[in-house]
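Taking it in order: structure first as structure tokens, then the write-up.
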Amino acid sequence: MITKGERTSTRLVESMLELIQARGYSGTGLNTVVEHSGAPKGSLYFHFPEGKEALGERAVELAADQFRTLFAETAGDAASPGDLLRRVVDVLIGLLADSDFQLGCPVSVVALEMGAHSERLRTACAVAFESWIGPVTEYLVGRGHPRPTARSLATTVVSGLEGAMIVSRARRDVEALRSAAQVLGDLVDQPPANVAKGNS
């Protein structure tokens, strides 16, 4: 049973996440979060007494959870690692197109803006990225890749998609994401022995 307080806290975090995607972390003020969420102003300081950093940390955690859910739901029906990657990219392309290129990955936004200024937020972003690399690694291990190779591929995939999202937003064009899906998809679809040989 979800309590009223939990619903309010969730609304605040969801609003913070959406606003970070559209305006950046620095461009998102707490008053704007309260207005966007429709929550009473006093509830923000009740649920997040440590202020904006604590709310930002929770927003990053929510973004990490959403991507892990997308990956898990897509993995079950994917015919191959490349198929899985291309399906995930299709969702990311839809996110960009539907928002007129206003919404991107909030984790990369916070990392770029605050990584050098807030150890708390830098750590939250590092944990988020690792929470994506880990499941991709395990998926590739399950497909026969040695763990070190799977880890290297997973890191490359996550890093490549993050970069492609940034380039796509800057250019207001999804070509970078489509290219990443094609190149990275071909890479992860190579037989494990070929990938391992290429890394040796």
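If you're wondering about the labels, chains in the structure tokens are A, B, ... by order shown, residues count from 1 in each chain, ligands from 1 in order shown.
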
List as a ChimeraX atom specification the protein and nucleic acid residues near A:Leu84, meaning an atom at most 7 Å away when only C-alpha atoms are counted, but skip any in the same chain fewer than 4 places from it. /A:74-75,78,80,88

So which residues of stretch 19-191 of chain A fall under alpha helix (DSSP H) by DSSP, listed as a PyMOL selection string? chain A and resi 19-23+30-37+41-47+52-75+81-98+106-114+119-142+147-171+175-188

Within 10 Å of A:Ala39, counting only C-alpha atoms, which residues show up once you throw out same-chain ones fewer than 4 positions away? Write them as a PyMOL selection string, please. chain A and resi 7-9+11-12+33-35+43-44

Could you write out that same residue set with C-alpha atoms as a PDB file, in the first residue's frame?
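What follows is the written file part-v6.pdb:
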ATOM      1  CA  ARG A   7       3.211   9.357  -3.746  1.00  0.00           C
ATOM      2  CA  THR A   8       4.264  12.945  -3.091  1.00  0.00           C
ATOM      3  CA  SER A   9       7.935  11.974  -2.903  1.00  0.00           C
ATOM      4  CA  ARG A  11       5.965  12.992  -7.910  1.00  0.00           C
ATOM      5  CA  LEU A  12       8.790  15.270  -6.837  1.00  0.00           C
ATOM      6  CA  VAL A  33      10.073  21.313  -9.326  1.00  0.00           C
ATOM      7  CA  VAL A  34       7.344  22.060  -6.776  1.00  0.00           C
ATOM      8  CA  GLU A  35       5.225  23.854  -9.378  1.00  0.00           C
ATOM      9  CA  SER A  43       6.630  18.595   1.300  1.00  0.00           C
ATOM     10  CA  LEU A  44       9.816  19.043  -0.712  1.00  0.00           C
TER      11      LEU A  44
END

Just the residues within 7 Å of stretch 164-175 of chain A, please, counting only C-alpha atoms, with nothing from its chain fewer than 4 positions along; format it as a ChimeraX atom specification. /A:93,101,104,160,179-180

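Nearest-residue note for A:Glu119: choosing from A:Glu53, A:Glu162, A:Glu138, A:Glu73, the minimum distance belongs to A:Glu53, counting only C-alpha atoms.
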
Using only C-alpha atoms, find each residue of stretch 14-129 of chain A with at least one atom at most 12 Å away from an atom of stretch 154-158 of chain A; report its shortest atom-to-atom pair and that distance in Å (one decimal), sort the rows by chain and rising residue number, and return the result as a Markdown table.
| residue | atom | partner | partner_atom | distance |
| --- | --- | --- | --- | --- |
| A:Phe67 | CA | A:Val158 | CA | 10.9 |
| A:Arg68 | CA | A:Val158 | CA | 11.8 |
| A:Phe71 | CA | A:Val158 | CA | 11.6 |
| A:Pro81 | CA | A:Ala154 | CA | 10.7 |
| A:Gly82 | CA | A:Val157 | CA | 10.6 |
| A:Leu84 | CA | A:Val157 | CA | 11.6 |
| A:Leu85 | CA | A:Val157 | CA | 8.5 |
| A:Arg86 | CA | A:Val157 | CA | 11.3 |
| A:Val88 | CA | A:Val158 | CA | 11.2 |
| A:Val89 | CA | A:Val157 | CA | 11.0 |
| A:Cys105 | CA | A:Val158 | CA | 11.6 |
| A:Val107 | CA | A:Val158 | CA | 11.9 |
| A:Ser108 | CA | A:Val158 | CA | 11.1 |
| A:Ala128 | CA | A:Val158 | CA | 11.0 |
| A:Phe129 | CA | A:Val158 | CA | 7.7 |

So that I can see what lies close to A:Leu153, please list as a ChimeraX atom specification the residues with an atom at most 10 Å from it, counting only C-alpha atoms and leaving out residues fewer than 3 positions away in the same chain. /A:133,136-137,140,145,147-150,156-159,184,187-188,195

Surrounding residues of stretch 110-118 of chain A excluding itself and chain neighbours under 2 positions, 10 Å, only C-alpha atoms, as a list in words: Ile20, Gln21, Gly24, Tyr25, Ser26, Glu53, Gly56, Glu57, Ala59, Val60, Cys105, Pro106, Val107, Ser108, Arg120, Leu121, Arg122, Thr123, Ala124, Cys125 and Ala126 of chain A

Hey, can you spit out that residue selection with C-alpha atoms as a PDB file, in the first residue's frame?
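Contents of again.pdb, freshly written:
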ATOM      1  CA  ILE A  20      16.698  17.833 -15.697  1.00  0.00           C
ATOM      2  CA  GLN A  21      16.167  16.215 -19.085  1.00  0.00           C
ATOM      3  CA  GLY A  24      19.614  20.575 -17.146  1.00  0.00           C
ATOM      4  CA  TYR A  25      20.423  20.246 -13.472  1.00  0.00           C
ATOM      5  CA  SER A  26      21.641  23.821 -13.026  1.00  0.00           C
ATOM      6  CA  GLU A  53      21.442  17.398  -4.364  1.00  0.00           C
ATOM      7  CA  GLY A  56      18.924  15.135  -7.972  1.00  0.00           C
ATOM      8  CA  GLU A  57      20.462  11.932  -6.644  1.00  0.00           C
ATOM      9  CA  ALA A  59      16.245  11.488 -10.014  1.00  0.00           C
ATOM     10  CA  VAL A  60      19.438   9.885 -11.313  1.00  0.00           C
ATOM     11  CA  CYS A 105      19.688  11.099 -20.869  1.00  0.00           C
ATOM     12  CA  PRO A 106      19.531  12.857 -17.479  1.00  0.00           C
ATOM     13  CA  VAL A 107      22.446  10.841 -16.130  1.00  0.00           C
ATOM     14  CA  SER A 108      24.866  12.215 -18.716  1.00  0.00           C
ATOM     15  CA  ARG A 120      27.455  12.986  -4.301  1.00  0.00           C
ATOM     16  CA  LEU A 121      26.042  13.497  -7.769  1.00  0.00           C
ATOM     17  CA  ARG A 122      29.186  12.228  -9.508  1.00  0.00           C
ATOM     18  CA  THR A 123      28.918   9.031  -7.502  1.00  0.00           C
ATOM     19  CA  ALA A 124      25.208   8.701  -8.282  1.00  0.00           C
ATOM     20  CA  CYS A 125      25.962   8.978 -12.007  1.00  0.00           C
ATOM     21  CA  ALA A 126      28.822   6.479 -11.792  1.00  0.00           C
TER      22      ALA A 126
END

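Note that atom CA of A:Val13 and atom CA of A:Gly94 are 22.5 Å apart.
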